[in-house]
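With TSV, N, CA and C atoms inside, this is protein32.tsv:
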chain	number	residue	atom	x	y	z
D	19	MET	N	177.20	131.15	-11.40
D	19	MET	CA	176.86	130.33	-12.58
D	19	MET	C	178.14	129.96	-13.34
D	20	THR	N	178.33	128.68	-13.54
D	20	THR	CA	179.50	128.23	-14.29
D	20	THR	C	179.06	127.53	-15.57
D	21	GLN	N	179.84	127.71	-16.60
D	21	GLN	CA	179.53	127.05	-17.87
D	21	GLN	C	180.51	125.90	-18.11
D	22	TYR	N	179.98	124.74	-18.41
D	22	TYR	CA	180.80	123.55	-18.66
D	22	TYR	C	180.58	123.07	-20.09
D	23	LYS	N	181.67	122.59	-20.70
D	23	LYS	CA	181.54	122.09	-22.08
D	23	LYS	C	182.01	120.65	-22.17
D	24	TYR	N	181.29	119.87	-22.95
D	24	TYR	CA	181.59	118.45	-23.10
D	24	TYR	C	181.58	118.05	-24.57
D	25	ASP	N	182.47	117.11	-24.91
D	25	ASP	CA	182.42	116.46	-26.21
D	25	ASP	C	181.58	115.20	-26.05
D	26	VAL	N	180.53	115.09	-26.84
D	26	VAL	CA	179.64	113.94	-26.71
D	26	VAL	C	179.41	113.35	-28.10
D	27	THR	N	179.63	112.04	-28.22
D	27	THR	CA	179.42	111.36	-29.49
D	27	THR	C	177.92	111.13	-29.72
D	28	MET	N	177.37	111.83	-30.72
D	28	MET	CA	175.95	111.70	-31.04
D	28	MET	C	175.82	111.54	-32.55
D	29	SER	N	175.14	110.48	-32.98
D	29	SER	CA	175.10	110.17	-34.42
D	29	SER	C	173.85	110.67	-35.12
D	30	CYS	N	172.79	110.91	-34.38
D	30	CYS	CA	171.53	111.27	-35.04
D	30	CYS	C	170.66	112.08	-34.08
D	31	GLY	N	169.51	112.50	-34.56
D	31	GLY	CA	168.59	113.27	-33.71
D	31	GLY	C	168.09	112.49	-32.51
D	32	GLY	N	168.05	111.16	-32.65
D	32	GLY	CA	167.65	110.33	-31.50
D	32	GLY	C	168.69	110.38	-30.40
D	33	CYS	N	169.95	110.41	-30.80
D	33	CYS	CA	171.06	110.51	-29.83
D	33	CYS	C	171.02	111.85	-29.10
D	34	SER	N	170.94	112.94	-29.87
D	34	SER	CA	170.95	114.26	-29.23
D	34	SER	C	169.67	114.48	-28.43
D	35	GLY	N	168.57	113.89	-28.90
D	35	GLY	CA	167.31	113.98	-28.16
D	35	GLY	C	167.40	113.29	-26.81
D	36	ALA	N	168.12	112.19	-26.76
D	36	ALA	CA	168.28	111.45	-25.51
D	36	ALA	C	169.08	112.28	-24.51
D	37	VAL	N	170.13	112.94	-24.98
D	37	VAL	CA	170.94	113.79	-24.11
D	37	VAL	C	170.11	114.99	-23.64
D	38	THR	N	169.34	115.56	-24.55
D	38	THR	CA	168.45	116.68	-24.20
D	38	THR	C	167.48	116.27	-23.09
D	39	LYS	N	166.90	115.08	-23.24
D	39	LYS	CA	165.93	114.62	-22.24
D	39	LYS	C	166.59	114.46	-20.88
D	40	ALA	N	167.80	113.89	-20.88
D	40	ALA	CA	168.51	113.66	-19.61
D	40	ALA	C	168.83	114.99	-18.93
D	41	LEU	N	169.25	116.00	-19.71
D	41	LEU	CA	169.61	117.29	-19.11
D	41	LEU	C	168.37	118.05	-18.66
D	42	THR	N	167.27	117.86	-19.35
D	42	THR	CA	166.00	118.49	-18.94
D	42	THR	C	165.59	117.99	-17.56
D	43	LYS	N	165.84	116.70	-17.33
D	43	LYS	CA	165.43	116.08	-16.07
D	43	LYS	C	166.42	116.31	-14.93
D	44	LEU	N	167.62	116.76	-15.26
D	44	LEU	CA	168.67	116.91	-14.24
D	44	LEU	C	168.46	118.17	-13.42
D	45	GLU	N	168.25	117.99	-12.13
D	45	GLU	CA	168.03	119.15	-11.25
D	45	GLU	C	169.32	119.94	-11.07
D	46	GLY	N	169.22	121.26	-11.14
D	46	GLY	CA	170.39	122.10	-10.94
D	46	GLY	C	170.93	122.68	-12.23
D	47	VAL	N	170.39	122.19	-13.36
D	47	VAL	CA	170.81	122.74	-14.66
D	47	VAL	C	170.00	124.00	-14.94
D	48	ASP	N	170.68	125.10	-15.20
D	48	ASP	CA	169.98	126.35	-15.45
D	48	ASP	C	169.73	126.59	-16.93
D	49	LYS	N	170.65	126.10	-17.74
D	49	LYS	CA	170.56	126.36	-19.17
D	49	LYS	C	171.46	125.33	-19.84
D	50	PHE	N	171.08	124.86	-21.02
D	50	PHE	CA	171.98	123.96	-21.73
D	50	PHE	C	171.74	124.02	-23.22
D	51	ASP	N	172.76	123.57	-23.96
D	51	ASP	CA	172.64	123.50	-25.41
D	51	ASP	C	173.27	122.20	-25.88
D	52	VAL	N	172.55	121.48	-26.71
D	52	VAL	CA	173.06	120.23	-27.28
D	52	VAL	C	173.22	120.43	-28.78
D	53	SER	N	174.45	120.33	-29.27
D	53	SER	CA	174.69	120.50	-30.70
D	53	SER	C	175.12	119.18	-31.32
D	54	LEU	N	174.20	118.61	-32.11
D	54	LEU	CA	174.50	117.37	-32.82
D	54	LEU	C	175.59	117.61	-33.86
D	55	GLU	N	175.50	118.74	-34.52
D	55	GLU	CA	176.45	119.07	-35.58
D	55	GLU	C	177.88	119.19	-35.06
D	56	ALA	N	178.01	119.90	-33.93
D	56	ALA	CA	179.34	120.14	-33.36
D	56	ALA	C	179.79	119.02	-32.42
D	57	GLN	N	178.85	118.11	-32.08
D	57	GLN	CA	179.14	117.04	-31.11
D	57	GLN	C	179.54	117.63	-29.76
D	58	LYS	N	178.87	118.71	-29.41
D	58	LYS	CA	179.19	119.43	-28.17
D	58	LYS	C	177.94	119.62	-27.33
D	59	VAL	N	178.13	119.59	-26.02
D	59	VAL	CA	177.07	119.90	-25.08
D	59	VAL	C	177.59	120.97	-24.12
D	60	THR	N	176.84	122.05	-23.98
D	60	THR	CA	177.19	123.13	-23.07
D	60	THR	C	176.14	123.21	-21.98
D	61	VAL	N	176.57	123.26	-20.73
D	61	VAL	CA	175.64	123.27	-19.61
D	61	VAL	C	176.02	124.40	-18.65
D	62	GLU	N	175.03	125.15	-18.21
D	62	GLU	CA	175.26	126.17	-17.19
D	62	GLU	C	174.57	125.76	-15.90
D	63	SER	N	175.32	125.82	-14.81
D	63	SER	CA	174.75	125.45	-13.52
D	63	SER	C	175.45	126.21	-12.40
D	64	ALA	N	174.67	126.54	-11.37
D	64	ALA	CA	175.24	127.22	-10.20
D	64	ALA	C	175.58	126.21	-9.11
D	65	THR	N	175.02	125.01	-9.21
D	65	THR	CA	175.15	124.06	-8.09
D	65	THR	C	175.87	122.77	-8.44
D	66	LEU	N	175.79	122.35	-9.70
D	66	LEU	CA	176.38	121.06	-10.08
D	66	LEU	C	177.85	121.22	-10.43
D	67	SER	N	178.63	120.17	-10.17
D	67	SER	CA	180.04	120.18	-10.55
D	67	SER	C	180.20	119.63	-11.96
D	68	GLU	N	181.39	119.87	-12.52
D	68	GLU	CA	181.71	119.39	-13.86
D	68	GLU	C	181.52	117.88	-13.96
D	69	SER	N	181.97	117.17	-12.92
D	69	SER	CA	181.91	115.71	-12.98
D	69	SER	C	180.50	115.18	-12.75
D	70	GLU	N	179.70	115.88	-11.99
D	70	GLU	CA	178.30	115.45	-11.79
D	70	GLU	C	177.52	115.53	-13.10
D	71	ILE	N	177.76	116.62	-13.83
D	71	ILE	CA	177.07	116.77	-15.12
D	71	ILE	C	177.57	115.73	-16.10
D	72	LEU	N	178.89	115.49	-16.11
D	72	LEU	CA	179.46	114.48	-17.00
D	72	LEU	C	178.84	113.11	-16.72
D	73	ALA	N	178.70	112.77	-15.45
D	73	ALA	CA	178.11	111.47	-15.08
D	73	ALA	C	176.68	111.35	-15.59
D	74	ALA	N	175.93	112.44	-15.51
D	74	ALA	CA	174.54	112.43	-15.98
D	74	ALA	C	174.48	112.22	-17.49
D	75	ILE	N	175.41	112.85	-18.21
D	75	ILE	CA	175.44	112.67	-19.67
D	75	ILE	C	175.83	111.23	-20.01
D	76	GLN	N	176.80	110.70	-19.28
D	76	GLN	CA	177.27	109.34	-19.56
D	76	GLN	C	176.21	108.29	-19.25
D	77	LYS	N	175.29	108.61	-18.35
D	77	LYS	CA	174.21	107.66	-18.02
D	77	LYS	C	173.29	107.40	-19.20
D	78	THR	N	173.32	108.28	-20.19
D	78	THR	CA	172.52	108.04	-21.38
D	78	THR	C	173.15	106.95	-22.26
D	79	GLY	N	174.38	106.53	-21.91
D	79	GLY	CA	175.06	105.50	-22.70
D	79	GLY	C	175.92	106.09	-23.80
D	80	LYS	N	175.98	107.42	-23.88
D	80	LYS	CA	176.81	108.09	-24.88
D	80	LYS	C	178.24	108.21	-24.37
D	81	THR	N	179.19	108.19	-25.29
D	81	THR	CA	180.57	108.45	-24.95
D	81	THR	C	180.74	109.95	-24.78
D	82	ALA	N	181.21	110.38	-23.61
D	82	ALA	CA	181.32	111.82	-23.32
D	82	ALA	C	182.56	112.09	-22.51
D	83	LYS	N	183.13	113.28	-22.75
D	83	LYS	CA	184.26	113.73	-21.93
D	83	LYS	C	184.23	115.25	-21.84
D	84	VAL	N	184.93	115.77	-20.85
D	84	VAL	CA	185.03	117.21	-20.70
D	84	VAL	C	185.80	117.75	-21.91
D	85	ALA	N	185.27	118.79	-22.53
D	85	ALA	CA	185.91	119.35	-23.73
D	85	ALA	C	187.15	120.15	-23.34
D	86	GLU	N	188.21	119.98	-24.13
D	86	GLU	CA	189.36	120.86	-23.95
D	86	GLU	C	189.04	122.18	-24.65
D	87	GLN	N	189.16	123.23	-23.91
D	87	GLN	CA	188.73	124.55	-24.43
D	87	GLN	C	189.57	124.95	-25.63
Z	3	MET	N	164.14	82.27	-14.58
Z	3	MET	CA	164.51	83.22	-15.64
Z	3	MET	C	163.27	83.67	-16.39
Z	4	THR	N	163.07	84.96	-16.46
Z	4	THR	CA	161.92	85.50	-17.19
Z	4	THR	C	162.42	86.35	-18.34
Z	5	GLN	N	161.68	86.30	-19.44
Z	5	GLN	CA	162.04	87.12	-20.61
Z	5	GLN	C	161.06	88.28	-20.73
Z	6	TYR	N	161.61	89.47	-20.88
Z	6	TYR	CA	160.81	90.67	-21.00
Z	6	TYR	C	161.08	91.32	-22.36
Z	7	LYS	N	160.01	91.89	-22.95
Z	7	LYS	CA	160.18	92.55	-24.24
Z	7	LYS	C	159.71	94.00	-24.18
Z	8	TYR	N	160.47	94.84	-24.84
Z	8	TYR	CA	160.18	96.28	-24.82
Z	8	TYR	C	160.23	96.86	-26.23
Z	9	ASP	N	159.36	97.81	-26.48
Z	9	ASP	CA	159.45	98.63	-27.70
Z	9	ASP	C	160.28	99.85	-27.36
Z	10	VAL	N	161.37	100.06	-28.09
Z	10	VAL	CA	162.26	101.18	-27.80
Z	10	VAL	C	162.54	101.93	-29.10
Z	11	THR	N	162.33	103.24	-29.06
Z	11	THR	CA	162.57	104.07	-30.24
Z	11	THR	C	164.07	104.32	-30.38
Z	12	MET	N	164.66	103.74	-31.44
Z	12	MET	CA	166.10	103.91	-31.70
Z	12	MET	C	166.27	104.25	-33.17
Z	13	SER	N	166.98	105.34	-33.45
Z	13	SER	CA	167.08	105.82	-34.83
Z	13	SER	C	168.35	105.39	-35.54
Z	14	CYS	N	169.39	105.07	-34.78
Z	14	CYS	CA	170.67	104.78	-35.44
Z	14	CYS	C	171.50	103.87	-34.55
Z	15	GLY	N	172.68	103.51	-35.03
Z	15	GLY	CA	173.56	102.65	-34.25
Z	15	GLY	C	174.01	103.27	-32.94
Z	16	GLY	N	174.05	104.60	-32.91
Z	16	GLY	CA	174.40	105.28	-31.66
Z	16	GLY	C	173.32	105.11	-30.61
Z	17	CYS	N	172.08	105.12	-31.06
Z	17	CYS	CA	170.94	104.92	-30.16
Z	17	CYS	C	170.95	103.50	-29.59
Z	18	SER	N	171.06	102.51	-30.48
Z	18	SER	CA	171.03	101.13	-30.01
Z	18	SER	C	172.28	100.81	-29.19
Z	19	GLY	N	173.40	101.45	-29.54
Z	19	GLY	CA	174.62	101.27	-28.77
Z	19	GLY	C	174.49	101.80	-27.35
Z	20	ALA	N	173.76	102.89	-27.20
Z	20	ALA	CA	173.56	103.47	-25.87
Z	20	ALA	C	172.71	102.53	-25.01
Z	21	VAL	N	171.69	101.94	-25.61
Z	21	VAL	CA	170.84	100.99	-24.86
Z	21	VAL	C	171.66	99.74	-24.52
Z	22	THR	N	172.47	99.28	-25.45
Z	22	THR	CA	173.34	98.11	-25.22
Z	22	THR	C	174.27	98.38	-24.04
Z	23	LYS	N	174.86	99.58	-24.01
Z	23	LYS	CA	175.79	99.91	-22.93
Z	23	LYS	C	175.07	99.94	-21.58
Z	24	ALA	N	173.87	100.48	-21.56
Z	24	ALA	CA	173.10	100.56	-20.30
Z	24	ALA	C	172.75	99.15	-19.79
Z	25	LEU	N	172.37	98.27	-20.71
Z	25	LEU	CA	171.99	96.91	-20.28
Z	25	LEU	C	173.21	96.10	-19.89
Z	26	THR	N	174.35	96.36	-20.50
Z	26	THR	CA	175.60	95.68	-20.13
Z	26	THR	C	175.96	96.01	-18.69
Z	27	LYS	N	175.70	97.27	-18.31
Z	27	LYS	CA	176.06	97.73	-16.96
Z	27	LYS	C	175.03	97.36	-15.91
Z	28	LEU	N	173.83	96.96	-16.34
Z	28	LEU	CA	172.74	96.71	-15.38
Z	28	LEU	C	172.92	95.35	-14.71
Z	29	GLU	N	173.09	95.37	-13.40
Z	29	GLU	CA	173.28	94.12	-12.67
Z	29	GLU	C	171.99	93.31	-12.62
Z	30	GLY	N	172.08	92.01	-12.85
Z	30	GLY	CA	170.90	91.16	-12.78
Z	30	GLY	C	170.42	90.75	-14.16
Z	31	VAL	N	171.00	91.34	-15.21
Z	31	VAL	CA	170.63	90.98	-16.58
Z	31	VAL	C	171.45	89.75	-16.98
Z	32	ASP	N	170.78	88.69	-17.38
Z	32	ASP	CA	171.48	87.47	-17.75
Z	32	ASP	C	171.78	87.41	-19.24
Z	33	LYS	N	170.90	88.01	-20.03
Z	33	LYS	CA	171.04	87.94	-21.48
Z	33	LYS	C	170.16	89.03	-22.06
Z	34	PHE	N	170.60	89.64	-23.14
Z	34	PHE	CA	169.71	90.62	-23.77
Z	34	PHE	C	170.01	90.74	-25.25
Z	35	ASP	N	169.03	91.25	-25.96
Z	35	ASP	CA	169.20	91.51	-27.39
Z	35	ASP	C	168.59	92.86	-27.72
Z	36	VAL	N	169.34	93.69	-28.44
Z	36	VAL	CA	168.86	95.00	-28.87
Z	36	VAL	C	168.75	94.97	-30.39
Z	37	SER	N	167.53	95.13	-30.91
Z	37	SER	CA	167.34	95.14	-32.36
Z	37	SER	C	166.94	96.53	-32.83
Z	38	LEU	N	167.89	97.18	-33.49
Z	38	LEU	CA	167.62	98.50	-34.06
Z	38	LEU	C	166.57	98.39	-35.17
Z	39	GLU	N	166.67	97.33	-35.97
Z	39	GLU	CA	165.77	97.14	-37.10
Z	39	GLU	C	164.32	96.96	-36.63
Z	40	ALA	N	164.15	96.12	-35.61
Z	40	ALA	CA	162.80	95.82	-35.12
Z	40	ALA	C	162.32	96.82	-34.07
Z	41	GLN	N	163.25	97.69	-33.59
Z	41	GLN	CA	162.92	98.65	-32.53
Z	41	GLN	C	162.48	97.90	-31.26
Z	42	LYS	N	163.13	96.75	-31.02
Z	42	LYS	CA	162.76	95.91	-29.88
Z	42	LYS	C	163.98	95.62	-29.02
Z	43	VAL	N	163.73	95.50	-27.73
Z	43	VAL	CA	164.76	95.07	-26.79
Z	43	VAL	C	164.20	93.89	-25.99
Z	44	THR	N	164.96	92.80	-25.96
Z	44	THR	CA	164.56	91.62	-25.20
Z	44	THR	C	165.58	91.41	-24.09
Z	45	VAL	N	165.09	91.21	-22.87
Z	45	VAL	CA	165.98	91.06	-21.73
Z	45	VAL	C	165.57	89.83	-20.92
Z	46	GLU	N	166.56	89.02	-20.55
Z	46	GLU	CA	166.29	87.88	-19.67
Z	46	GLU	C	166.93	88.14	-18.32
Z	47	SER	N	166.15	87.94	-17.26
Z	47	SER	CA	166.66	88.15	-15.91
Z	47	SER	C	165.92	87.26	-14.92
Z	48	ALA	N	166.66	86.81	-13.91
Z	48	ALA	CA	166.05	85.99	-12.86
Z	48	ALA	C	165.67	86.85	-11.67
Z	49	THR	N	166.23	88.06	-11.59
Z	49	THR	CA	166.05	88.86	-10.38
Z	49	THR	C	165.34	90.19	-10.61
Z	50	LEU	N	165.47	90.76	-11.80
Z	50	LEU	CA	164.89	92.09	-12.03
Z	50	LEU	C	163.44	91.99	-12.46
Z	51	SER	N	162.65	93.02	-12.11
Z	51	SER	CA	161.25	93.05	-12.53
Z	51	SER	C	161.14	93.76	-13.88
Z	52	GLU	N	159.97	93.59	-14.49
Z	52	GLU	CA	159.71	94.23	-15.78
Z	52	GLU	C	159.89	95.74	-15.70
Z	53	SER	N	159.42	96.33	-14.60
Z	53	SER	CA	159.47	97.78	-14.48
Z	53	SER	C	160.88	98.28	-14.13
Z	54	GLU	N	161.66	97.48	-13.43
Z	54	GLU	CA	163.03	97.88	-13.12
Z	54	GLU	C	163.87	97.94	-14.41
Z	55	ILE	N	163.66	96.97	-15.27
Z	55	ILE	CA	164.39	96.97	-16.55
Z	55	ILE	C	163.93	98.13	-17.43
Z	56	LEU	N	162.61	98.36	-17.45
Z	56	LEU	CA	162.07	99.48	-18.23
Z	56	LEU	C	162.68	100.80	-17.77
Z	57	ALA	N	162.78	100.99	-16.46
Z	57	ALA	CA	163.34	102.23	-15.91
Z	57	ALA	C	164.79	102.41	-16.35
Z	58	ALA	N	165.55	101.31	-16.36
Z	58	ALA	CA	166.96	101.37	-16.78
Z	58	ALA	C	167.07	101.76	-18.26
Z	59	ILE	N	166.18	101.24	-19.08
Z	59	ILE	CA	166.19	101.58	-20.51
Z	59	ILE	C	165.81	103.05	-20.68
Z	60	GLN	N	164.82	103.51	-19.94
Z	60	GLN	CA	164.35	104.89	-20.07
Z	60	GLN	C	165.40	105.89	-19.59
Z	61	LYS	N	166.29	105.45	-18.70
Z	61	LYS	CA	167.36	106.34	-18.22
Z	61	LYS	C	168.32	106.74	-19.33
Z	62	THR	N	168.34	105.99	-20.42
Z	62	THR	CA	169.18	106.38	-21.56
Z	62	THR	C	168.57	107.57	-22.31
Z	63	GLY	N	167.32	107.94	-21.95
Z	63	GLY	CA	166.66	109.04	-22.64
Z	63	GLY	C	165.85	108.60	-23.84
Z	64	LYS	N	165.81	107.29	-24.07
Z	64	LYS	CA	165.00	106.77	-25.18
Z	64	LYS	C	163.56	106.58	-24.73
Z	65	THR	N	162.65	106.72	-25.68
Z	65	THR	CA	161.25	106.42	-25.42
Z	65	THR	C	161.09	104.90	-25.44
Z	66	ALA	N	160.57	104.35	-24.34
Z	66	ALA	CA	160.46	102.89	-24.24
Z	66	ALA	C	159.19	102.50	-23.52
Z	67	LYS	N	158.61	101.38	-23.91
Z	67	LYS	CA	157.46	100.83	-23.19
Z	67	LYS	C	157.49	99.32	-23.29
Z	68	VAL	N	156.75	98.67	-22.39
Z	68	VAL	CA	156.64	97.22	-22.43
Z	68	VAL	C	155.92	96.84	-23.71
Z	69	ALA	N	156.48	95.88	-24.44
Z	69	ALA	CA	155.89	95.48	-25.71
Z	69	ALA	C	154.64	94.63	-25.47
Z	70	GLU	N	153.61	94.88	-26.27
Z	70	GLU	CA	152.45	93.99	-26.23
Z	70	GLU	C	152.81	92.76	-27.05
Z	71	GLN	N	152.65	91.62	-26.45
Z	71	GLN	CA	153.12	90.36	-27.08
Z	71	GLN	C	152.35	90.08	-28.37
Whole structure given in structure tokens:
Amino acid sequence: MTQYKYDVTMSCGGCSGAVTKALTKLEGVDKFDVSLEAQKVTVESATLSESEILAAIQKTGKTAKVAEQ
Amino acid sequence: MTQYKYDVTMSCGGCSGAVTKALTKLEGVDKFDVSLEAQKVTVESATLSESEILAAIQKTGKTAKVAEQ
């Protein structure tokens, strides 16, 4: 299980809700947290790569990048 | 060229911006308008079907349905 962190621009509950919905539907995600306040998304997965998860987040139309730790 | 209308739940400029970005990237869209105020999205296309466009909008994680005229 690997944990990945992303910076995602989310302005409101509708934005974070959209990211939540996308991650709920993404196969291979074991656990995730979407923080509107921190503008951060944390995802745990045993099978998906960092870039696969990033692509799924970006498909929501949000600006996202891998977070610098 | 056919015009399609959708009701899309968008709470802020980030929400409507995400839908705008998705439609900009969608091949086959000739013209579109995203109205945050009216919660409406209008799309003109010669090649895409009503349901193909709806699926692309829903991929942003927003709640969307075909608008009743």
Could you give me, as a tab-separated table, a per-residue list for chain D showing, wherever an atom lies at most 7 Å from an atom of chain Z, the closest pair of atoms and their distance in Å to one decimal, using only N, CA and C atoms and sorting by chain then residue number from low to high?
residue	atom	partner	partner_atom	distance
D:Met28	C	Z:Gly16	CA	6.5
D:Ser29	N	Z:Gly16	CA	5.4
D:Cys30	N	Z:Gly16	CA	6.5
D:Gly32	CA	Z:Ser13	N	5.4
D:Cys33	CA	Z:Cys17	CA	5.6
D:Gly35	C	Z:Gly63	C	5.8
D:Ala36	CA	Z:Gly63	CA	4.1
D:Val37	N	Z:Gly63	CA	5.7
D:Lys39	CA	Z:Gly63	CA	5.6
D:Ala40	N	Z:Gly63	CA	5.3
D:Lys77	C	Z:Thr62	CA	4.8
D:Thr78	CA	Z:Thr62	CA	3.7
D:Gly79	CA	Z:Ala20	CA	4.1
D:Lys80	N	Z:Ala20	CA	5.0
Write the selection just made, keeping N, CA and C atoms, as a PDB file, in the coordinates of the input?
ATOM      1  N   MET D  28     177.370 111.830 -30.720  1.00  0.00           N
ATOM      2  CA  MET D  28     175.950 111.700 -31.040  1.00  0.00           C
ATOM      3  C   MET D  28     175.820 111.540 -32.550  1.00  0.00           C
ATOM      4  N   SER D  29     175.140 110.480 -32.980  1.00  0.00           N
ATOM      5  CA  SER D  29     175.100 110.170 -34.420  1.00  0.00           C
ATOM      6  C   SER D  29     173.850 110.670 -35.120  1.00  0.00           C
ATOM      7  N   CYS D  30     172.790 110.910 -34.380  1.00  0.00           N
ATOM      8  CA  CYS D  30     171.530 111.270 -35.040  1.00  0.00           C
ATOM      9  C   CYS D  30     170.660 112.080 -34.080  1.00  0.00           C
ATOM     10  N   GLY D  32     168.050 111.160 -32.650  1.00  0.00           N
ATOM     11  CA  GLY D  32     167.650 110.330 -31.500  1.00  0.00           C
ATOM     12  C   GLY D  32     168.690 110.380 -30.400  1.00  0.00           C
ATOM     13  N   CYS D  33     169.950 110.410 -30.800  1.00  0.00           N
ATOM     14  CA  CYS D  33     171.060 110.510 -29.830  1.00  0.00           C
ATOM     15  C   CYS D  33     171.020 111.850 -29.100  1.00  0.00           C
ATOM     16  N   GLY D  35     168.570 113.890 -28.900  1.00  0.00           N
ATOM     17  CA  GLY D  35     167.310 113.980 -28.160  1.00  0.00           C
ATOM     18  C   GLY D  35     167.400 113.290 -26.810  1.00  0.00           C
ATOM     19  N   ALA D  36     168.120 112.190 -26.760  1.00  0.00           N
ATOM     20  CA  ALA D  36     168.280 111.450 -25.510  1.00  0.00           C
ATOM     21  C   ALA D  36     169.080 112.280 -24.510  1.00  0.00           C
ATOM     22  N   VAL D  37     170.130 112.940 -24.980  1.00  0.00           N
ATOM     23  CA  VAL D  37     170.940 113.790 -24.110  1.00  0.00           C
ATOM     24  C   VAL D  37     170.110 114.990 -23.640  1.00  0.00           C
ATOM     25  N   LYS D  39     166.900 115.080 -23.240  1.00  0.00           N
ATOM     26  CA  LYS D  39     165.930 114.620 -22.240  1.00  0.00           C
ATOM     27  C   LYS D  39     166.590 114.460 -20.880  1.00  0.00           C
ATOM     28  N   ALA D  40     167.800 113.890 -20.880  1.00  0.00           N
ATOM     29  CA  ALA D  40     168.510 113.660 -19.610  1.00  0.00           C
ATOM     30  C   ALA D  40     168.830 114.990 -18.930  1.00  0.00           C
ATOM     31  N   LYS D  77     175.290 108.610 -18.350  1.00  0.00           N
ATOM     32  CA  LYS D  77     174.210 107.660 -18.020  1.00  0.00           C
ATOM     33  C   LYS D  77     173.290 107.400 -19.200  1.00  0.00           C
ATOM     34  N   THR D  78     173.320 108.280 -20.190  1.00  0.00           N
ATOM     35  CA  THR D  78     172.520 108.040 -21.380  1.00  0.00           C
ATOM     36  C   THR D  78     173.150 106.950 -22.260  1.00  0.00           C
ATOM     37  N   GLY D  79     174.380 106.530 -21.910  1.00  0.00           N
ATOM     38  CA  GLY D  79     175.060 105.500 -22.700  1.00  0.00           C
ATOM     39  C   GLY D  79     175.920 106.090 -23.800  1.00  0.00           C
ATOM     40  N   LYS D  80     175.980 107.420 -23.880  1.00  0.00           N
ATOM     41  CA  LYS D  80     176.810 108.090 -24.880  1.00  0.00           C
ATOM     42  C   LYS D  80     178.240 108.210 -24.370  1.00  0.00           C
TER      43      LYS D  80
END
Q | Non-local contacts of Glu52 of chain Z (8 Å; all atoms listed in the file; under 3 positions in same chain excluded) as a list of chain:residue names | A |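 With the cut-off at 8 Å, the set is Z:Gln5, Z:Tyr6, Z:Lys7, Z:Thr49, Z:Ile55, Z:Leu56, Z:Ala57, Z:Ala58, Z:Val68.
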Q) Which residues come within 7 Å of Asp48 of chain D, counting only N, CA and C atoms, excluding same-chain residues fewer than 6 positions away, as a ChimeraX atom specification? A) /D:61-64
Q. Could you state the separation of atom N of Lys42 of chain Z and atom C of Val26 of chain D in Å, given to one decimal place?
A.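 The value is 23.4 Å.
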(Q) Report, in Å with one decimal, the straight-line distance from atom CA of Tyr8 of chain Z to atom C of Val52 of chain D. (A)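 Straight-line distance from atom CA of Tyr8 of chain Z to atom C of Val52 of chain D works out to 27.7 Å.
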Q.
Could you go through chain Z and tell me which residues DSSP, when run on the backbone, assigns to helix (DSSP H, G or I), listing them as a PyMOL selection string?
A. chain Z and resi 15-27+52-60
Q | DSSP strand (DSSP E) selection over chain Z, as a list in words | A | Thr4, Gln5, Tyr6, Lys7, Tyr8, Asp9, Val10, Val31, Asp32, Lys33, Phe34, Asp35, Val36, Ser37, Lys42, Val43, Thr44, Val45, Glu46, Ser47, Ala66, Lys67 and Val68 of chain Z
Q.
Just the number, please: distance in Å from atom C of Glu55 of chain D to atom C of Asp35 of chain Z, one decimal.
A.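 Atom-to-atom, atom C of Glu55 of chain D and atom C of Asp35 of chain Z are spaced 28.9 Å apart.
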